[in-house]
file target.cif (mmCIF, C-alpha atoms and all ligand atoms)
data_model
loop_
_atom_site.label_atom_id
_atom_site.label_comp_id
_atom_site.auth_asym_id
_atom_site.auth_seq_id
_atom_site.Cartn_x
_atom_site.Cartn_y
_atom_site.Cartn_z
CA ASP A 1 60.55 22.60 121.64
CA VAL A 2 56.80 22.82 121.12
CA TYR A 3 57.39 26.10 119.28
CA LYS A 4 60.02 24.53 117.08
CA ARG A 5 57.69 21.71 116.05
CA GLN A 6 55.00 24.22 115.04
CA GLY A 7 57.33 25.64 112.39
CA GLN A 8 58.56 22.22 111.28
CA ARG A 9 55.09 20.80 110.76
CA ALA A 10 53.48 23.78 109.04
CA ASP A 11 52.46 23.75 105.37
CA LEU A 12 52.38 27.54 105.36
CA VAL A 13 53.09 30.30 107.87
CA VAL A 14 51.19 33.57 107.52
CA VAL A 15 51.89 36.54 109.77
CA ALA A 16 49.16 39.19 109.55
CA PRO A 17 49.73 41.83 110.69
CA ALA A 18 53.52 41.83 110.44
CA THR A 19 54.78 44.91 112.31
CA ALA A 20 57.97 46.84 111.53
CA ASP A 21 59.44 45.29 114.67
CA LEU A 22 58.57 41.74 113.53
CA LEU A 23 60.13 42.38 110.09
CA ALA A 24 63.33 43.56 111.81
CA ARG A 25 63.44 40.59 114.15
CA ALA A 26 62.68 38.06 111.42
CA ALA A 27 65.26 39.64 109.07
CA SER A 28 67.97 39.22 111.70
CA GLY A 29 67.03 35.61 112.47
CA ARG A 30 65.91 36.13 116.07
CA ALA A 31 64.27 33.17 117.83
CA ASP A 32 63.46 34.47 121.31
CA ASP A 33 59.68 34.12 121.24
CA LEU A 34 57.00 31.84 119.80
CA LEU A 35 56.59 33.75 116.56
CA THR A 36 60.23 34.25 115.60
CA SER A 37 61.24 30.71 116.61
CA THR A 38 58.36 29.38 114.48
CA LEU A 39 59.59 31.46 111.53
CA LEU A 40 63.16 30.29 111.96
CA THR A 41 62.24 26.60 111.96
CA ALA A 42 59.71 26.82 109.12
CA ARG A 43 60.72 25.06 105.90
CA CYS A 44 57.39 25.81 104.23
CA PRO A 45 56.40 29.03 102.40
CA VAL A 46 56.15 32.08 104.67
CA LEU A 47 53.82 34.99 103.88
CA LEU A 48 54.09 38.28 105.77
CA ALA A 49 51.34 40.94 105.53
CA PRO A 50 52.83 44.18 106.89
CA ALA A 51 50.88 46.83 108.80
CA MET A 52 52.53 49.96 110.20
CA HIS A 53 52.66 53.73 109.86
CA THR A 54 53.81 55.04 106.48
CA GLU A 55 57.01 56.52 107.94
CA MET A 56 57.96 53.13 109.38
CA TRP A 57 57.27 51.33 106.08
CA GLU A 58 59.33 53.89 104.15
CA HIS A 59 62.21 53.99 106.64
CA PRO A 60 65.52 52.78 105.16
CA ALA A 61 65.84 50.23 107.98
CA THR A 62 62.49 48.65 107.06
CA ARG A 63 63.32 48.75 103.33
CA ARG A 64 66.56 46.93 104.16
CA ASN A 65 64.76 44.35 106.28
CA VAL A 66 62.16 43.73 103.57
CA ASP A 67 64.93 43.26 100.96
CA THR A 68 66.69 40.81 103.28
CA LEU A 69 63.51 38.81 103.90
CA ARG A 70 62.66 38.70 100.18
CA GLY A 71 66.22 37.60 99.45
CA ASP A 72 65.70 34.77 101.95
CA GLY A 73 62.66 33.61 99.96
CA ILE A 74 60.03 34.97 102.35
CA HIS A 75 57.09 36.66 100.68
CA VAL A 76 56.51 40.15 102.07
CA MET A 77 53.31 41.63 100.62
CA PRO A 78 53.30 45.34 99.85
CA PRO A 79 50.96 46.92 102.42
CA ALA A 80 47.73 48.51 101.22
CA TRP A 81 47.23 52.26 100.96
CA GLY A 82 44.53 53.81 103.16
CA ARG A 83 43.46 54.82 106.63
CA LEU A 84 45.92 53.66 109.30
CA THR A 85 45.26 53.03 112.99
CA GLY A 86 45.71 56.70 113.93
CA ALA A 87 44.38 59.72 112.09
CA ASP A 88 46.93 59.21 109.32
CA THR A 89 46.40 57.81 105.83
CA GLY A 90 48.99 56.32 103.49
CA ALA A 91 50.95 53.20 102.60
CA GLY A 92 51.11 50.81 105.54
CA ARG A 93 47.56 49.56 105.94
CA LEU A 94 47.12 45.81 106.45
CA PRO A 95 46.21 44.24 103.08
CA GLU A 96 42.58 43.11 102.83
CA PRO A 97 41.97 39.63 104.34
CA ALA A 98 40.73 38.33 100.97
CA ASP A 99 43.97 39.45 99.29
CA ILE A 100 46.10 37.77 101.97
CA ALA A 101 43.98 34.61 101.70
CA ARG A 102 44.37 34.58 97.90
CA LEU A 103 48.18 34.51 98.11
CA ALA A 104 48.05 31.97 100.97
CA ARG A 105 45.91 29.70 98.78
CA LEU A 106 48.35 30.08 95.86
CA LEU A 107 51.28 29.04 98.09
CA LEU A 108 49.32 26.09 99.52
CA ASP A 109 48.42 24.99 95.97
CA GLY A 110 52.11 24.69 95.12
CA GLY A 111 52.54 28.07 93.43
CA SER A 112 55.50 30.26 94.23
CA LEU A 113 55.79 34.02 94.72
CA PRO A 114 59.34 35.09 93.96
CA TRP A 115 59.93 38.87 94.08
CA ASP A 116 61.26 38.77 90.53
CA LEU A 117 59.16 41.29 88.59
CA ALA A 118 60.12 44.47 90.47
CA GLY A 119 60.72 47.28 87.95
CA LYS A 120 58.86 45.45 85.15
CA ASN A 121 55.85 46.97 83.37
CA VAL A 122 53.24 44.29 82.80
CA VAL A 123 50.13 44.93 80.70
CA VAL A 124 47.29 42.41 80.91
CA THR A 125 43.95 42.37 79.09
CA SER A 126 40.99 40.46 80.50
CA GLY A 127 37.33 39.74 79.99
CA GLY A 128 35.12 39.44 76.94
CA THR A 129 34.59 42.59 74.91
CA ARG A 130 31.10 44.03 74.51
CA GLU A 131 30.18 45.18 71.05
CA GLU A 132 27.38 47.72 71.17
CA ILE A 133 24.16 47.21 69.20
CA ASP A 134 22.20 50.08 70.76
CA PRO A 135 22.45 51.96 74.10
CA VAL A 136 21.14 48.95 76.07
CA ARG A 137 22.31 45.88 74.10
CA PHE A 138 25.61 44.38 73.09
CA LEU A 139 27.14 41.26 71.55
CA GLY A 140 29.33 39.54 74.13
CA ASN A 141 30.85 36.22 75.14
CA ARG A 142 31.20 34.09 78.25
CA SER A 143 34.70 35.12 79.28
CA SER A 144 34.64 36.00 82.99
CA GLY A 145 37.98 37.80 83.13
CA LYS A 146 39.17 35.52 85.95
CA GLN A 147 42.34 34.31 84.21
CA GLY A 148 43.46 37.81 83.23
CA HIS A 149 42.71 39.17 86.71
CA ALA A 150 44.68 36.27 88.19
CA ILE A 151 47.70 37.16 86.03
CA ALA A 152 47.43 40.81 87.07
CA ALA A 153 47.12 39.89 90.77
CA VAL A 154 50.06 37.48 90.75
CA ALA A 155 52.27 39.82 88.68
CA ALA A 156 51.61 42.65 91.17
CA ALA A 157 52.32 40.27 94.07
CA ARG A 158 55.69 39.52 92.40
CA GLY A 159 56.54 43.23 92.35
CA ALA A 160 55.50 44.31 88.82
CA ARG A 161 53.79 47.57 87.87
CA VAL A 162 50.59 46.23 86.32
CA THR A 163 48.07 47.83 83.97
CA LEU A 164 44.92 45.75 83.51
CA VAL A 165 42.82 46.67 80.48
CA THR A 166 39.55 44.98 81.20
CA SER A 167 35.87 44.70 80.42
CA SER A 168 35.27 42.60 83.53
CA ASP A 169 33.45 43.73 86.66
CA LEU A 170 35.66 41.61 88.95
CA PRO A 171 37.31 43.61 91.75
CA THR A 172 40.66 45.15 90.80
CA PRO A 173 43.52 43.26 92.52
CA PRO A 174 45.70 45.27 94.91
CA ALA A 175 48.44 47.48 93.42
CA VAL A 176 46.98 47.04 89.92
CA GLU A 177 45.92 49.98 87.75
CA ALA A 178 42.67 49.04 86.02
CA VAL A 179 41.59 50.63 82.74
CA HIS A 180 37.93 49.82 82.17
CA ILE A 181 36.85 49.43 78.56
CA GLU A 182 33.95 47.78 76.73
CA SER A 183 34.61 47.23 73.04
CA ALA A 184 37.48 45.71 71.07
CA LEU A 185 38.26 49.13 69.57
CA GLU A 186 38.56 50.67 73.06
CA MET A 187 40.65 47.73 74.23
CA ARG A 188 42.95 48.16 71.22
CA GLU A 189 43.48 51.88 71.86
CA ARG A 190 44.18 51.53 75.59
CA THR A 191 46.32 48.40 75.20
CA LEU A 192 48.52 49.98 72.52
CA ARG A 193 48.87 53.09 74.68
CA ALA A 194 49.95 51.02 77.71
CA ALA A 195 52.20 48.83 75.54
CA ALA A 196 54.40 51.83 74.67
CA HIS A 197 56.25 51.26 77.97
CA ALA A 198 55.57 47.56 78.51
CA ASP A 199 58.06 44.78 79.17
CA VAL A 200 55.30 42.26 78.44
CA VAL A 201 51.72 42.33 77.16
CA ILE A 202 49.58 39.33 78.11
CA LYS A 203 46.41 39.11 76.03
CA ALA A 204 44.07 36.97 78.10
CA ALA A 205 40.97 38.84 76.88
CA ALA A 206 38.38 37.18 74.67
CA VAL A 207 38.17 39.84 71.98
CA ALA A 208 35.13 39.73 69.72
CA ASP A 209 36.22 39.08 66.16
CA PHE A 210 33.26 41.08 64.80
CA ARG A 211 31.17 44.10 65.81
CA PRO A 212 27.88 45.49 64.54
CA ALA A 213 28.50 47.74 61.54
CA ASP A 214 25.91 50.26 62.71
CA VAL A 215 25.25 51.24 66.32
CA ALA A 216 21.78 52.69 66.92
CA ASP A 217 21.71 56.01 68.81
CA SER A 218 18.50 55.07 70.58
CA LYS A 219 17.05 51.80 71.79
CA LEU A 220 15.84 49.56 68.97
CA LYS A 221 12.07 48.95 69.26
CA LYS A 222 10.20 45.86 68.24
CA ASP A 223 7.75 47.26 65.71
CA SER A 224 4.65 45.25 66.32
CA GLY A 225 4.27 42.49 63.78
CA SER A 226 7.50 43.18 61.87
CA GLU A 227 10.25 40.60 61.45
CA PRO A 228 13.52 41.31 63.30
CA THR A 229 16.11 43.02 61.13
CA GLY A 230 19.52 41.41 60.75
CA ILE A 231 22.66 42.78 62.41
CA ARG A 232 25.38 43.38 59.85
CA LEU A 233 28.82 42.66 61.26
CA VAL A 234 32.26 44.01 60.40
CA ARG A 235 35.60 42.59 61.43
CA ASN A 236 37.42 43.94 64.51
CA PRO A 237 41.15 44.58 64.36
CA ASP A 238 43.31 41.78 65.78
CA ILE A 239 44.96 43.54 68.75
CA LEU A 240 47.61 40.88 69.24
CA ALA A 241 48.59 41.00 65.56
CA ASP A 242 48.72 44.81 65.76
CA LEU A 243 51.03 44.59 68.80
CA VAL A 244 53.31 42.19 66.93
CA ALA A 245 53.39 44.59 63.95
CA ALA A 246 53.91 47.68 66.16
CA ARG A 247 56.86 46.01 67.85
CA GLY A 248 58.70 46.21 64.57
CA SER A 249 57.79 49.87 63.94
CA GLY A 250 58.78 51.39 67.27
CA ASP A 251 55.40 52.02 69.01
CA VAL A 252 55.99 48.97 71.20
CA PRO A 253 59.48 48.35 72.67
CA ALA A 254 61.49 45.99 70.46
CA ASP A 255 62.13 43.63 73.38
CA CYS A 256 58.54 43.58 74.69
CA VAL A 257 57.37 39.98 75.19
CA LEU A 258 53.94 39.32 73.63
CA VAL A 259 51.75 36.55 75.02
CA GLY A 260 48.55 35.29 73.38
CA PHE A 261 45.84 32.90 74.50
CA ALA A 262 44.01 30.31 72.46
CA ALA A 263 40.96 28.29 73.34
CA GLU A 264 41.11 25.15 71.23
CA THR A 265 39.32 21.86 70.72
CA GLY A 266 40.90 19.01 68.79
CA ASP A 267 39.21 18.05 65.51
CA SER A 268 39.79 15.96 62.39
CA SER A 269 42.40 18.42 61.12
CA GLY A 270 44.58 18.37 64.23
CA THR A 271 45.01 18.00 67.98
CA VAL A 272 44.67 20.86 70.45
CA LEU A 273 48.44 21.15 70.53
CA GLU A 274 48.79 21.18 66.72
CA HIS A 275 46.18 23.91 66.43
CA GLY A 276 48.00 25.82 69.17
CA ARG A 277 51.37 25.58 67.39
CA ALA A 278 49.84 26.72 64.12
CA LYS A 279 48.21 29.68 65.86
CA LEU A 280 51.47 30.67 67.58
CA ALA A 281 53.22 30.75 64.19
CA ARG A 282 50.30 32.63 62.58
CA LYS A 283 50.06 35.25 65.33
CA GLY A 284 53.80 35.85 65.57
CA CYS A 285 53.76 36.27 69.37
CA ASP A 286 56.44 34.88 71.71
CA LEU A 287 54.29 32.68 73.95
CA LEU A 288 50.85 31.15 73.48
CA VAL A 289 48.79 29.76 76.35
CA VAL A 290 46.61 27.01 74.93
CA ASN A 291 43.51 25.99 76.85
CA GLU A 292 41.57 22.91 75.91
CA VAL A 293 37.88 23.86 75.88
CA GLY A 294 34.62 22.32 74.88
CA ARG A 295 33.63 20.05 77.77
CA GLY A 296 32.17 22.72 80.01
CA THR A 297 35.67 23.74 81.04
CA THR A 298 37.58 26.98 81.54
CA PHE A 299 35.02 29.79 81.04
CA GLY A 300 34.00 31.23 84.39
CA GLU A 301 35.67 28.44 86.35
CA ASP A 302 38.36 28.83 88.97
CA VAL A 303 40.63 26.19 87.43
CA ASN A 304 42.34 26.06 84.10
CA GLY A 305 44.94 23.92 82.35
CA GLY A 306 46.75 23.47 79.06
CA TRP A 307 50.11 24.21 77.48
CA ILE A 308 52.41 27.19 77.36
CA LEU A 309 54.09 27.15 73.94
CA ASP A 310 57.05 29.31 73.02
CA SER A 311 58.15 30.47 69.60
CA SER A 312 61.37 28.44 69.66
CA GLY A 313 59.50 25.15 69.98
CA GLY A 314 59.42 24.76 73.75
CA GLU A 315 56.25 23.63 75.50
CA VAL A 316 55.24 23.36 79.14
CA LEU A 317 52.24 21.26 80.13
CA VAL A 318 50.23 22.78 82.97
CA ASP A 319 47.90 20.32 84.67
CA ARG A 320 44.51 21.65 85.65
CA ALA A 321 45.18 23.98 88.54
CA SER A 322 43.79 27.19 89.97
CA LYS A 323 43.88 30.19 87.63
CA ASP A 324 46.32 31.82 90.08
CA VAL A 325 48.70 28.84 89.81
CA LEU A 326 48.47 28.95 85.98
CA ALA A 327 49.07 32.73 86.17
CA GLY A 328 52.30 32.02 88.06
CA ARG A 329 53.41 29.48 85.44
CA ILE A 330 52.75 31.97 82.62
CA LEU A 331 54.79 34.63 84.46
CA ASP A 332 57.57 32.05 84.99
CA ALA A 333 57.63 31.46 81.22
CA VAL A 334 57.80 35.23 80.60
CA ALA A 335 60.63 35.63 83.14
CA ALA A 336 62.47 32.76 81.41
CA MET A 337 62.29 34.70 78.11
CA TRP A 338 63.82 37.76 79.78
CA SER A 339 66.68 35.73 81.16
CA ARG A 340 67.60 34.34 77.74
CA PRO A 341 70.71 35.96 76.30
CA SER A 342 68.95 36.67 73.00
CA GLY A 343 65.81 38.09 74.63
CA VAL A 344 62.67 37.58 72.60
CA SER A 345 64.47 37.01 69.35
CA ALA A 346 63.94 33.27 69.22
CA ALA A 347 65.47 32.95 65.76
CA ASP A 348 68.89 33.87 67.18
CA ARG A 349 68.88 31.12 69.74
CA THR A 350 71.18 28.16 69.37
CA ASP A 351 70.11 26.08 72.42
N1 LIG A 401 42.89 38.56 69.97
C1 LIG A 401 43.10 39.89 69.74
N2 LIG A 401 42.26 40.61 68.93
C2 LIG A 401 41.23 40.01 68.32
C3 LIG A 401 41.00 38.63 68.51
C4 LIG A 401 41.85 37.94 69.37
O1 LIG A 401 44.06 40.44 70.31
N3 LIG A 401 40.44 40.73 67.54
C5 LIG A 401 43.82 37.84 70.84
C6 LIG A 401 43.19 37.27 72.09
O2 LIG A 401 43.28 38.18 73.18
C7 LIG A 401 44.01 36.02 72.34
C8 LIG A 401 44.33 35.56 70.93
O3 LIG A 401 44.29 36.72 70.12
O4 LIG A 401 45.21 36.31 73.01
C9 LIG A 401 43.33 34.58 70.43
O5 LIG A 401 43.52 34.44 69.08
P1 LIG A 401 42.34 34.04 68.05
O6 LIG A 401 43.01 33.72 66.77
O7 LIG A 401 41.29 35.04 68.03
O8 LIG A 401 41.87 32.78 68.74
P2 LIG A 401 40.48 32.17 68.84
O9 LIG A 401 39.52 33.10 69.50
O10 LIG A 401 40.74 30.86 69.50
O11 LIG A 401 40.04 32.14 67.33
P3 LIG A 401 39.98 31.14 66.11
O12 LIG A 401 38.54 31.02 65.89
O13 LIG A 401 40.70 31.88 65.02
O14 LIG A 401 40.67 29.85 66.48
#
call {"tool": "encode", "arguments": {"input": "target.cif", "output": "structure tokens"}}
result
Amino acid sequence: DVYKRQGQRADLVVVAPATADLLARAASGRADDLLTSTLLTARCPVLLAPAMHTEMWEHPATRRNVDTLRGDGIHVMPPAWGRLTGADTGAGRLPEPADIARLARLLLDGGSLPWDLAGKNVVVTSGGTREEIDPVRFLGNRSSGKQGHAIAAVAAARGARVTLVTSSDLPTPPAVEAVHIESALEMRERTLRAAAHADVVIKAAAVADFRPADVADSKLKKDSGSEPTGIRLVRNPDILADLVAARGSGDVPADCVLVGFAAETGDSSGTVLEHGRAKLARKGCDLLVVNEVGRGTTFGEDVNGGWILDSSGGEVLVDRASKDVLAGRILDAVAAMWSRPSGVSAADRTD
């Protein structure tokens, strides 16, 4: 009875490590020890972090058990790849404690982790681009990359294949392929390349609108006594607009969902939401995540809030929450677009 109450009272149950044997026992609903009876009585989110030898993880029986558990709404993390307890190396290593804790926090904060993105190719951009002036200097901005990394981490945790095109130095989330770039031109090239096979491209990066027209080959020196010379700027391509255009011409799949971000403040010409709607129409993307900025919010912080607007007029308000929770809400909005009968073609919709 004591065991039963543990499960009933819990806000979250995490099993780390979850062995192949535990997965099998939990999948079949056993309740003959403390752990399995706790799992069977739990009505809260359950997070399992597997650890076992590669052969065990890949065995059809374990695959079946993992599918059953995921179907029951239990979150089974993919194990990490690396050195195992014996001399062997491969898939089956216990995920890093920080990665387990991150998903535990997301579940405790009210986020969900459905296994709904398996088989999807998700491309995310993050961070502020760096536009070179000379070999040691660049023009940059305050974007930390946290929101984009959060989207990549949560998408991978929901089963997606994720490519993260980033200028940020944040650690790469597990099961995410990071492509490190610096400038807007590099980001454009690598994002378009990844977009050729993408089901969705989420443009969380803060791309510099301008770059220096001339990049010095060697470090610029301050000539004693002379006035500083100006830096002439030229416009960078708009990567999101190029993705929208490429979707029509075949370089990006016709049904690829395109998601933009906008940092807005209200002003005399409109509210944050009005500016967001106008930008969504101007950019031609399917979803726009609008953050209200300007009061020391958003950049570099761990929380974020705003609206998710879609091109058929829908809007979802997201209260200030962790960037991982917002990431989940953005992915929910993307998944909702995929489940629409008319796909991304909002103009065809009648509802
Ligand atoms: N973006 C892009 N390429 C650029 C500039 C922006 O792909 N050269 C993308 C960003 O990644 C983001 C969205 O476009 O998803 C932001 O749009 P933008 O019009 O640049 O918004 P703001 O930076 O808010 O600019 P504005 O001053 O026009 O309001």
call {"tool": "residues_near_ligand", "arguments": {"input": "target.cif", "ligand": "ligand LIG 401 (chain A)", "cutoff": "6 Å", "atoms": "all atoms listed in the file", "output": "PyMOL selection string"}}
result
chain A and resi 203-209+236-240+260-264
call {"tool": "residues_around", "arguments": {"input": "target.cif", "residues": "Pro253 (chain A)", "least_positions_apart": "2", "cutoff": "8 Å", "atoms": "all atoms listed in the file", "output": "ChimeraX atom specification"}}
result
/A:195-199,247,250-251,255-256
call {"tool": "closest_residue", "arguments": {"input": "target.cif", "among": "A:Val154, A:Ser339, A:Gly90, A:Ala27", "to": "Arg64 (chain A)", "atoms": "only C-alpha atoms"}}
result
A:Ala27
call {"tool": "residues_around", "arguments": {"input": "target.cif", "residues": "region 6-11 of chain A", "least_positions_apart": "6", "cutoff": "7 Å", "atoms": "all atoms listed in the file", "output": "PyMOL selection string"}}
result
chain A and resi 38-39+41-44
call {"tool": "axis_aligned_box", "arguments": {"input": "target.cif", "around": "region 85-92 of chain A", "padding_each_side": "6 Å", "output": "JSON"}}
result
{"center_x": 47.7, "center_y": 55.3, "center_z": 108.3, "size_x": 18.7, "size_y": 20.9, "size_z": 23.3}
call {"tool": "residues_around", "arguments": {"input": "target.cif", "residues": "Glu132 (chain A)", "least_positions_apart": "3", "cutoff": "8 Å", "atoms": "all atoms listed in the file", "output": "tab-separated table (two decimals) with C-alpha atoms, in the coordinates of the input"}}
result
chain	number	residue	atom	x	y	z
A	135	PRO	CA	22.45	51.96	74.10
A	137	ARG	CA	22.31	45.88	74.10
A	138	PHE	CA	25.61	44.38	73.09
A	139	LEU	CA	27.14	41.26	71.55
A	183	SER	CA	34.61	47.23	73.04
A	211	ARG	CA	31.17	44.10	65.81
A	212	PRO	CA	27.88	45.49	64.54
A	215	VAL	CA	25.25	51.24	66.32
call {"tool": "closest_residue", "arguments": {"input": "target.cif", "among": "A:Leu309, A:Leu192, A:Ala87, A:Leu220", "to": "Gly276 (chain A)", "atoms": "only C-alpha atoms"}}
result
A:Leu309
call {"tool": "closest_residue", "arguments": {"input": "target.cif", "among": "A:Ala335, A:Val124, A:Ala152, A:Ala184", "to": "Pro171 (chain A)", "atoms": "only C-alpha atoms"}}
result
A:Ala152
call {"tool": "closest_residue", "arguments": {"input": "target.cif", "among": "A:Leu273, A:Val252, A:Ala245, A:Ala24", "to": "Arg63 (chain A)", "atoms": "all atoms listed in the file"}}
result
A:Ala24
call {"tool": "residues_around", "arguments": {"input": "target.cif", "residues": "Ala118 (chain A)", "least_positions_apart": "6", "cutoff": "7 Å", "atoms": "only C-alpha atoms", "output": "ChimeraX atom specification"}}
result
/A:158-160
call {"tool": "residues_around", "arguments": {"input": "target.cif", "residues": "region 314-328 of chain A", "least_positions_apart": "2", "cutoff": "8 Å", "atoms": "all atoms listed in the file", "output": "PDB file with C-alpha atoms, keeping the file's coordinate frame"}}
result
ATOM      1  CA  LEU A 106      48.350  30.080  95.860  1.00  0.00           C
ATOM      2  CA  ASP A 109      48.420  24.990  95.970  1.00  0.00           C
ATOM      3  CA  GLY A 110      52.110  24.690  95.120  1.00  0.00           C
ATOM      4  CA  GLY A 111      52.540  28.070  93.430  1.00  0.00           C
ATOM      5  CA  SER A 112      55.500  30.260  94.230  1.00  0.00           C
ATOM      6  CA  LEU A 113      55.790  34.020  94.720  1.00  0.00           C
ATOM      7  CA  LYS A 146      39.170  35.520  85.950  1.00  0.00           C
ATOM      8  CA  GLN A 147      42.340  34.310  84.210  1.00  0.00           C
ATOM      9  CA  ALA A 150      44.680  36.270  88.190  1.00  0.00           C
ATOM     10  CA  ILE A 151      47.700  37.160  86.030  1.00  0.00           C
ATOM     11  CA  VAL A 154      50.060  37.480  90.750  1.00  0.00           C
ATOM     12  CA  ALA A 155      52.270  39.820  88.680  1.00  0.00           C
ATOM     13  CA  ASP A 302      38.360  28.830  88.970  1.00  0.00           C
ATOM     14  CA  VAL A 303      40.630  26.190  87.430  1.00  0.00           C
ATOM     15  CA  ASN A 304      42.340  26.060  84.100  1.00  0.00           C
ATOM     16  CA  GLY A 305      44.940  23.920  82.350  1.00  0.00           C
ATOM     17  CA  GLY A 306      46.750  23.470  79.060  1.00  0.00           C
ATOM     18  CA  TRP A 307      50.110  24.210  77.480  1.00  0.00           C
ATOM     19  CA  ILE A 308      52.410  27.190  77.360  1.00  0.00           C
ATOM     20  CA  LEU A 309      54.090  27.150  73.940  1.00  0.00           C
ATOM     21  CA  ASP A 310      57.050  29.310  73.020  1.00  0.00           C
ATOM     22  CA  SER A 311      58.150  30.470  69.600  1.00  0.00           C
ATOM     23  CA  SER A 312      61.370  28.440  69.660  1.00  0.00           C
ATOM     24  CA  ILE A 330      52.750  31.970  82.620  1.00  0.00           C
ATOM     25  CA  LEU A 331      54.790  34.630  84.460  1.00  0.00           C
ATOM     26  CA  ASP A 332      57.570  32.050  84.990  1.00  0.00           C
TER      27      ASP A 332
END
